[in-house]
Amino acid sequence: MALEYRAWQEGDDLELIQLWGGPESAVAEQFRGSFRTPSDNPWNRCITVVDQGVPVAAGCVYGAALHPDRLWCYIEVAEDHRRAGIGSTLLTMLQHEAAASPSGVTALRSKVTPGTTGAAFAEATGFSTLQRSRLVVVAPGALAAPAFDDAGGPQLEEAATGSVELTRALASFYETVHAWDRADITLGRAQQLFLGDASGAGGAIVLRDKPKDDGGTIAAFAISYTQARTDDPADVLLGYDTALPPSEQQAAVASMIAMLVHQYPIQLELDDSMEALAAVVEPLLATGSARLAAPETLVVANG
């Protein structure tokens, strides 16, 4: 019997998970949550493949508010139905759906874990790597804590998560380190997604090049998304002023990390585009003072 390609329906996820089993990667687990009935607000299209009444594969495509130049897409096929052209057919159908999207955006992006079937499929269908991302745990005492004084040098201070100055620094950092996939991040969006109550932000500290009263600006900042201190690594977003000279960027990042890991470990997301952060963390990974918390992921795109 011929396969049926139809719009996603409620309950498809329960049948597909029974057939698919556990996800092959954290990326796959995350994307599985993107399947839903087609919608125009927010825009998404999801397609289910049915074999003799049983869902065996699915694909979805949807927009990304922060990165408007590409649409997210994901495809998964049951193991016993792979290498039969189902994935390629789904991709073609999703591209047709994308062409009719309100944004007019046709380029697609996805995330894959190297060595998985998803990565192999992406490569075979012409997707190329845009960015590598790693989740890194930095051990306590990995860097010696710097000395701060009140004599006009660098200053470390707490910052309110509602601070306009912090929001501006975060938005500028995010936009710069995502030049590989243009970010449309306003101050309001930065506040909502990274600093507001719904974001889970629990507190923030900033490192200034000199006291604020002397015109000091934010050289680096750290936002914690861990509400209670435990021995587990605290989840931290660390950013810095990308307008500074590279050596000063690295010095600010190193000072911030040293303070954060004085007693406890932290967990950071590190994209290769975060050059100053990578320059500080790479040697720590090489010496074992930092480790990967999960397999690396790649953002891939077909345009």
# chains A, B, ... in the order shown; residues from 1 in each chain; ligands from 1
>>> closest_atom_pairs(of="stretch 64-156 of chain A", to="stretch 229-241 of chain A", cutoff="12 Å", atoms="only C-alpha atoms", output="JSON lines")
{"residue": "A:Leu135", "atom": "CA", "partner": "A:Asp235", "partner_atom": "CA", "distance": 9.9}
{"residue": "A:Val136", "atom": "CA", "partner": "A:Pro233", "partner_atom": "CA", "distance": 9.9}
{"residue": "A:Val137", "atom": "CA", "partner": "A:Pro233", "partner_atom": "CA", "distance": 6.9}
{"residue": "A:Val138", "atom": "CA", "partner": "A:Pro233", "partner_atom": "CA", "distance": 8.1}
{"residue": "A:Ala139", "atom": "CA", "partner": "A:Pro233", "partner_atom": "CA", "distance": 8.5}
{"residue": "A:Pro140", "atom": "CA", "partner": "A:Pro233", "partner_atom": "CA", "distance": 9.4}
>>> residues_around(residues="A:Gly188", least_positions_apart="6", cutoff="12 Å", atoms="only C-alpha atoms", output="list in words")
Leu66, Gly162, Ser163, Val164, Thr167, Arg168, Leu170, Ala171, Phe194, Leu195 and Gly196 of chain A
>>> residues_around(residues="A:Val177", least_positions_apart="3", cutoff="6 Å", atoms="only C-alpha atoms", output="PyMOL selection string")
chain A and resi 174+273-274
>>> residues_around(residues="stretch 83-92 of chain A", least_positions_apart="5", cutoff="9 Å", atoms="only C-alpha atoms", output="ChimeraX atom specification")
/A:5,47-49,57-60,73-77,97,121,125
>>> write_last_selection(atoms="C-alpha atoms", output="PDB file, in the first residue's frame")
ATOM      1  CA  TYR A   5       1.356  12.062   3.811  1.00  0.00           C
ATOM      2  CA  ILE A  47       3.377  16.485   8.277  1.00  0.00           C
ATOM      3  CA  THR A  48       2.866  12.869   9.366  1.00  0.00           C
ATOM      4  CA  VAL A  49       3.663   9.853   7.218  1.00  0.00           C
ATOM      5  CA  ALA A  57       7.543   9.398  10.281  1.00  0.00           C
ATOM      6  CA  ALA A  58       6.998  13.114  10.665  1.00  0.00           C
ATOM      7  CA  GLY A  59       8.506  16.454   9.714  1.00  0.00           C
ATOM      8  CA  CYS A  60       7.912  20.024  10.806  1.00  0.00           C
ATOM      9  CA  CYS A  73      12.917  22.187  10.427  1.00  0.00           C
ATOM     10  CA  TYR A  74      13.088  18.661  11.795  1.00  0.00           C
ATOM     11  CA  ILE A  75      12.421  15.221  10.322  1.00  0.00           C
ATOM     12  CA  GLU A  76      12.375  11.823  12.000  1.00  0.00           C
ATOM     13  CA  VAL A  77      11.676   8.443  10.405  1.00  0.00           C
ATOM     14  CA  GLU A  97       5.369  24.718   2.789  1.00  0.00           C
ATOM     15  CA  PHE A 121      20.787  12.875   6.615  1.00  0.00           C
ATOM     16  CA  THR A 125      20.595  16.494   1.635  1.00  0.00           C
TER      17      THR A 125
END
>>> select_by_dssp(residues="stretch 39-204 of chain A", states="strand (DSSP E or B)", output="NGL selection string")
:A and (39-40 or 43-51 or 54-62 or 71-77 or 108-112 or 128-138 or 155-159 or 203-204)
>>> write_last_selection(atoms="C-alpha atoms", output="PDB file, in the first residue's frame")
ATOM      1  CA  SER A  39      -1.082  26.817  12.730  1.00  0.00           C
ATOM      2  CA  ASP A  40      -0.838  30.280  11.176  1.00  0.00           C
ATOM      3  CA  TRP A  43       3.225  29.780  11.792  1.00  0.00           C
ATOM      4  CA  ASN A  44       4.133  26.096  11.618  1.00  0.00           C
ATOM      5  CA  ARG A  45       3.479  23.144   9.352  1.00  0.00           C
ATOM      6  CA  CYS A  46       3.845  19.539  10.474  1.00  0.00           C
ATOM      7  CA  ILE A  47       3.377  16.485   8.277  1.00  0.00           C
ATOM      8  CA  THR A  48       2.866  12.869   9.366  1.00  0.00           C
ATOM      9  CA  VAL A  49       3.663   9.853   7.218  1.00  0.00           C
ATOM     10  CA  VAL A  50       1.266   6.928   7.684  1.00  0.00           C
ATOM     11  CA  ASP A  51       1.875   3.336   6.599  1.00  0.00           C
ATOM     12  CA  VAL A  54       0.213   3.578  11.486  1.00  0.00           C
ATOM     13  CA  PRO A  55       2.252   6.825  11.737  1.00  0.00           C
ATOM     14  CA  VAL A  56       5.897   6.020  10.955  1.00  0.00           C
ATOM     15  CA  ALA A  57       7.543   9.398  10.281  1.00  0.00           C
ATOM     16  CA  ALA A  58       6.998  13.114  10.665  1.00  0.00           C
ATOM     17  CA  GLY A  59       8.506  16.454   9.714  1.00  0.00           C
ATOM     18  CA  CYS A  60       7.912  20.024  10.806  1.00  0.00           C
ATOM     19  CA  VAL A  61       8.922  23.529   9.769  1.00  0.00           C
ATOM     20  CA  TYR A  62       8.333  26.708  11.774  1.00  0.00           C
ATOM     21  CA  LEU A  71      13.004  28.550   9.366  1.00  0.00           C
ATOM     22  CA  TRP A  72      13.594  25.668  11.755  1.00  0.00           C
ATOM     23  CA  CYS A  73      12.917  22.187  10.427  1.00  0.00           C
ATOM     24  CA  TYR A  74      13.088  18.661  11.795  1.00  0.00           C
ATOM     25  CA  ILE A  75      12.421  15.221  10.322  1.00  0.00           C
ATOM     26  CA  GLU A  76      12.375  11.823  12.000  1.00  0.00           C
ATOM     27  CA  VAL A  77      11.676   8.443  10.405  1.00  0.00           C
ATOM     28  CA  LEU A 108      15.942  26.061   6.459  1.00  0.00           C
ATOM     29  CA  ARG A 109      18.058  25.355   9.506  1.00  0.00           C
ATOM     30  CA  SER A 110      18.212  22.523  12.026  1.00  0.00           C
ATOM     31  CA  LYS A 111      20.388  21.148  14.811  1.00  0.00           C
ATOM     32  CA  VAL A 112      22.180  17.807  14.733  1.00  0.00           C
ATOM     33  CA  SER A 128      26.144  22.612   5.771  1.00  0.00           C
ATOM     34  CA  THR A 129      27.377  23.600   9.209  1.00  0.00           C
ATOM     35  CA  LEU A 130      26.738  27.158  10.350  1.00  0.00           C
ATOM     36  CA  GLN A 131      27.905  26.876  13.932  1.00  0.00           C
ATOM     37  CA  ARG A 132      29.176  24.462  16.596  1.00  0.00           C
ATOM     38  CA  SER A 133      27.773  24.722  20.109  1.00  0.00           C
ATOM     39  CA  ARG A 134      29.014  23.046  23.272  1.00  0.00           C
ATOM     40  CA  LEU A 135      27.750  22.840  26.838  1.00  0.00           C
ATOM     41  CA  VAL A 136      30.780  23.194  29.110  1.00  0.00           C
ATOM     42  CA  VAL A 137      31.160  22.659  32.852  1.00  0.00           C
ATOM     43  CA  VAL A 138      34.000  24.637  34.442  1.00  0.00           C
ATOM     44  CA  GLN A 155      34.759  46.466  39.702  1.00  0.00           C
ATOM     45  CA  LEU A 156      32.458  43.490  40.236  1.00  0.00           C
ATOM     46  CA  GLU A 157      28.898  44.239  41.306  1.00  0.00           C
ATOM     47  CA  GLU A 158      25.436  42.760  41.406  1.00  0.00           C
ATOM     48  CA  ALA A 159      22.973  43.911  38.783  1.00  0.00           C
ATOM     49  CA  GLY A 203      20.363  36.976  39.426  1.00  0.00           C
ATOM     50  CA  ALA A 204      23.154  38.757  37.599  1.00  0.00           C
TER      51      ALA A 204
END
>>> select_by_dssp(residues="stretch 14-246 of chain A", states="alpha helix (DSSP H)", output="VMD selection string")
chain A and resid 14 to 20 26 to 32 86 to 99 117 to 124 164 to 177 187 to 190 246
>>> write_last_selection(atoms="C-alpha atoms", output="PDB file, in the first residue's frame")
ATOM      1  CA  LEU A  14       1.889   9.008  21.199  1.00  0.00           C
ATOM      2  CA  GLU A  15       1.878   6.524  18.326  1.00  0.00           C
ATOM      3  CA  LEU A  16       5.171   7.739  16.882  1.00  0.00           C
ATOM      4  CA  ILE A  17       7.025   7.622  20.197  1.00  0.00           C
ATOM      5  CA  GLN A  18       5.971   4.001  20.646  1.00  0.00           C
ATOM      6  CA  LEU A  19       7.488   3.189  17.260  1.00  0.00           C
ATOM      7  CA  TRP A  20      10.499   5.516  17.443  1.00  0.00           C
ATOM      8  CA  ALA A  26      19.186  15.570  23.235  1.00  0.00           C
ATOM      9  CA  VAL A  27      18.618  17.569  20.046  1.00  0.00           C
ATOM     10  CA  ALA A  28      16.114  14.993  18.790  1.00  0.00           C
ATOM     11  CA  GLU A  29      14.325  15.017  22.144  1.00  0.00           C
ATOM     12  CA  GLN A  30      14.020  18.803  21.990  1.00  0.00           C
ATOM     13  CA  PHE A  31      12.721  18.839  18.426  1.00  0.00           C
ATOM     14  CA  ARG A  32      10.127  16.153  19.142  1.00  0.00           C
ATOM     15  CA  ILE A  86      10.625   9.129   3.117  1.00  0.00           C
ATOM     16  CA  GLY A  87      12.928  11.688   4.708  1.00  0.00           C
ATOM     17  CA  SER A  88      13.789  13.260   1.355  1.00  0.00           C
ATOM     18  CA  THR A  89      10.118  13.429   0.384  1.00  0.00           C
ATOM     19  CA  LEU A  90       9.271  15.087   3.686  1.00  0.00           C
ATOM     20  CA  LEU A  91      12.061  17.606   3.195  1.00  0.00           C
ATOM     21  CA  THR A  92      10.749  18.512  -0.259  1.00  0.00           C
ATOM     22  CA  MET A  93       7.244  18.930   1.136  1.00  0.00           C
ATOM     23  CA  LEU A  94       8.487  21.107   3.982  1.00  0.00           C
ATOM     24  CA  GLN A  95      10.380  23.277   1.498  1.00  0.00           C
ATOM     25  CA  HIS A  96       7.138  23.772  -0.446  1.00  0.00           C
ATOM     26  CA  GLU A  97       5.369  24.718   2.789  1.00  0.00           C
ATOM     27  CA  ALA A  98       8.179  27.151   3.649  1.00  0.00           C
ATOM     28  CA  ALA A  99       7.859  28.831   0.238  1.00  0.00           C
ATOM     29  CA  THR A 117      21.519   9.507  11.621  1.00  0.00           C
ATOM     30  CA  GLY A 118      20.198  13.068  11.696  1.00  0.00           C
ATOM     31  CA  ALA A 119      23.665  14.443  10.974  1.00  0.00           C
ATOM     32  CA  ALA A 120      24.164  11.959   8.142  1.00  0.00           C
ATOM     33  CA  PHE A 121      20.787  12.875   6.615  1.00  0.00           C
ATOM     34  CA  ALA A 122      21.539  16.602   6.861  1.00  0.00           C
ATOM     35  CA  GLU A 123      24.857  16.153   5.072  1.00  0.00           C
ATOM     36  CA  ALA A 124      23.326  13.938   2.382  1.00  0.00           C
ATOM     37  CA  VAL A 164      18.268  48.636  31.087  1.00  0.00           C
ATOM     38  CA  GLU A 165      22.075  48.814  31.030  1.00  0.00           C
ATOM     39  CA  LEU A 166      22.378  45.036  31.461  1.00  0.00           C
ATOM     40  CA  THR A 167      19.631  44.397  28.899  1.00  0.00           C
ATOM     41  CA  ARG A 168      21.433  46.612  26.399  1.00  0.00           C
ATOM     42  CA  ALA A 169      24.741  44.804  27.006  1.00  0.00           C
ATOM     43  CA  LEU A 170      23.071  41.409  26.562  1.00  0.00           C
ATOM     44  CA  ALA A 171      21.278  42.400  23.362  1.00  0.00           C
ATOM     45  CA  SER A 172      24.484  43.805  21.849  1.00  0.00           C
ATOM     46  CA  PHE A 173      26.438  40.672  22.755  1.00  0.00           C
ATOM     47  CA  TYR A 174      23.775  38.323  21.425  1.00  0.00           C
ATOM     48  CA  GLU A 175      23.466  40.185  18.151  1.00  0.00           C
ATOM     49  CA  THR A 176      27.222  40.239  17.588  1.00  0.00           C
ATOM     50  CA  VAL A 177      27.949  36.581  18.350  1.00  0.00           C
ATOM     51  CA  LEU A 187      15.665  45.444  24.163  1.00  0.00           C
ATOM     52  CA  GLY A 188      12.151  44.269  24.974  1.00  0.00           C
ATOM     53  CA  ARG A 189      12.761  40.869  23.455  1.00  0.00           C
ATOM     54  CA  ALA A 190      16.110  40.513  25.237  1.00  0.00           C
ATOM     55  CA  PRO A 246      40.297  40.982  21.931  1.00  0.00           C
TER      56      PRO A 246
END
>>> atom_distance(atom1="atom CA of A:Ala293", atom2="atom CA of A:Glu269")
9.8 Å
>>> decode(residues="stretch 14-40 of chain A", atoms="N, CA, C and O atoms", output="mmCIF file, in the first residue's frame")
data_model
loop_
_atom_site.group_PDB
_atom_site.id
_atom_site.type_symbol
_atom_site.label_atom_id
_atom_site.label_comp_id
_atom_site.auth_asym_id
_atom_site.auth_seq_id
_atom_site.Cartn_x
_atom_site.Cartn_y
_atom_site.Cartn_z
ATOM 1 N N LEU A 14 1.920 10.210 20.362
ATOM 2 C CA LEU A 14 1.889 9.008 21.199
ATOM 3 C C LEU A 14 2.186 7.756 20.376
ATOM 4 O O LEU A 14 2.927 6.865 20.811
ATOM 5 N N GLU A 15 1.632 7.689 19.174
ATOM 6 C CA GLU A 15 1.878 6.524 18.326
ATOM 7 C C GLU A 15 3.313 6.513 17.802
ATOM 8 O O GLU A 15 3.965 5.462 17.749
ATOM 9 N N LEU A 16 3.821 7.682 17.429
ATOM 10 C CA LEU A 16 5.171 7.739 16.882
ATOM 11 C C LEU A 16 6.219 7.407 17.935
ATOM 12 O O LEU A 16 7.194 6.697 17.652
ATOM 13 N N ILE A 17 6.044 7.898 19.151
ATOM 14 C CA ILE A 17 7.025 7.622 20.197
ATOM 15 C C ILE A 17 7.099 6.131 20.497
ATOM 16 O O ILE A 17 8.177 5.582 20.757
ATOM 17 N N GLN A 18 5.956 5.454 20.443
ATOM 18 C CA GLN A 18 5.971 4.001 20.646
ATOM 19 C C GLN A 18 6.808 3.306 19.592
ATOM 20 O O GLN A 18 7.539 2.346 19.873
ATOM 21 N N LEU A 19 6.739 3.811 18.361
ATOM 22 C CA LEU A 19 7.488 3.189 17.260
ATOM 23 C C LEU A 19 8.933 3.668 17.236
ATOM 24 O O LEU A 19 9.859 2.886 17.003
ATOM 25 N N TRP A 20 9.151 4.950 17.486
ATOM 26 C CA TRP A 20 10.499 5.516 17.443
ATOM 27 C C TRP A 20 11.366 5.059 18.608
ATOM 28 O O TRP A 20 12.575 4.900 18.473
ATOM 29 N N GLY A 21 10.747 4.896 19.775
ATOM 30 C CA GLY A 21 11.543 4.618 20.962
ATOM 31 C C GLY A 21 12.196 5.889 21.479
ATOM 32 O O GLY A 21 11.783 7.003 21.154
ATOM 33 N N GLY A 22 13.237 5.727 22.271
ATOM 34 C CA GLY A 22 13.922 6.881 22.844
ATOM 35 C C GLY A 22 14.647 7.692 21.787
ATOM 36 O O GLY A 22 15.097 7.154 20.775
ATOM 37 N N PRO A 23 14.790 9.010 21.998
ATOM 38 C CA PRO A 23 15.499 9.862 21.030
ATOM 39 C C PRO A 23 16.980 9.518 20.986
ATOM 40 O O PRO A 23 17.568 9.136 22.001
ATOM 41 N N GLU A 24 17.596 9.653 19.810
ATOM 42 C CA GLU A 24 19.007 9.300 19.671
ATOM 43 C C GLU A 24 19.932 10.388 20.189
ATOM 44 O O GLU A 24 21.134 10.169 20.301
ATOM 45 N N SER A 25 19.389 11.558 20.511
ATOM 46 C CA SER A 25 20.198 12.650 21.033
ATOM 47 C C SER A 25 19.300 13.630 21.764
ATOM 48 O O SER A 25 18.072 13.603 21.633
ATOM 49 N N ALA A 26 19.944 14.527 22.544
ATOM 50 C CA ALA A 26 19.186 15.570 23.235
ATOM 51 C C ALA A 26 18.525 16.511 22.235
ATOM 52 O O ALA A 26 17.437 17.031 22.478
ATOM 53 N N VAL A 27 19.186 16.724 21.100
ATOM 54 C CA VAL A 27 18.618 17.569 20.046
ATOM 55 C C VAL A 27 17.313 16.968 19.534
ATOM 56 O O VAL A 27 16.302 17.668 19.367
ATOM 57 N N ALA A 28 17.324 15.664 19.273
ATOM 58 C CA ALA A 28 16.114 14.993 18.790
ATOM 59 C C ALA A 28 14.991 15.086 19.821
ATOM 60 O O ALA A 28 13.827 15.313 19.471
ATOM 61 N N GLU A 29 15.337 14.921 21.086
ATOM 62 C CA GLU A 29 14.325 15.017 22.144
ATOM 63 C C GLU A 29 13.699 16.411 22.164
ATOM 64 O O GLU A 29 12.478 16.560 22.306
ATOM 65 N N GLN A 30 14.526 17.431 22.000
ATOM 66 C CA GLN A 30 14.020 18.803 21.990
ATOM 67 C C GLN A 30 13.105 19.039 20.799
ATOM 68 O O GLN A 30 12.018 19.623 20.941
ATOM 69 N N PHE A 31 13.519 18.595 19.629
ATOM 70 C CA PHE A 31 12.721 18.839 18.426
ATOM 71 C C PHE A 31 11.405 18.064 18.447
ATOM 72 O O PHE A 31 10.420 18.515 17.848
ATOM 73 N N ARG A 32 11.379 16.910 19.093
ATOM 74 C CA ARG A 32 10.127 16.153 19.142
ATOM 75 C C ARG A 32 9.004 16.980 19.758
ATOM 76 O O ARG A 32 7.835 16.779 19.444
ATOM 77 N N GLY A 33 9.362 17.901 20.636
ATOM 78 C CA GLY A 33 8.356 18.757 21.243
ATOM 79 C C GLY A 33 7.819 19.820 20.305
ATOM 80 O O GLY A 33 6.902 20.567 20.669
ATOM 81 N N SER A 34 8.374 19.909 19.089
ATOM 82 C CA SER A 34 7.932 20.920 18.123
ATOM 83 C C SER A 34 6.769 20.446 17.267
ATOM 84 O O SER A 34 6.157 21.256 16.561
ATOM 85 N N PHE A 35 6.466 19.156 17.292
ATOM 86 C CA PHE A 35 5.370 18.644 16.476
ATOM 87 C C PHE A 35 4.036 19.073 17.070
ATOM 88 O O PHE A 35 3.780 18.897 18.258
ATOM 89 N N ARG A 36 3.193 19.639 16.227
ATOM 90 C CA ARG A 36 1.854 20.060 16.658
ATOM 91 C C ARG A 36 0.982 20.254 15.426
ATOM 92 O O ARG A 36 1.485 20.234 14.293
ATOM 93 N N THR A 37 -0.295 20.434 15.637
ATOM 94 C CA THR A 37 -1.187 20.643 14.508
ATOM 95 C C THR A 37 -0.818 21.950 13.806
ATOM 96 O O THR A 37 -0.409 22.920 14.452
ATOM 97 N N PRO A 38 -0.926 21.996 12.469
ATOM 98 C CA PRO A 38 -0.543 23.201 11.717
ATOM 99 C C PRO A 38 -1.265 24.446 12.225
ATOM 100 O O PRO A 38 -2.436 24.398 12.609
ATOM 101 N N SER A 39 -0.543 25.564 12.216
ATOM 102 C CA SER A 39 -1.082 26.817 12.730
ATOM 103 C C SER A 39 -0.542 27.982 11.902
ATOM 104 O O SER A 39 0.540 27.893 11.320
ATOM 105 N N ASP A 40 -1.301 29.066 11.858
ATOM 106 C CA ASP A 40 -0.838 30.280 11.176
ATOM 107 C C ASP A 40 -0.321 31.325 12.154
ATOM 108 O O ASP A 40 0.321 32.284 11.746
#
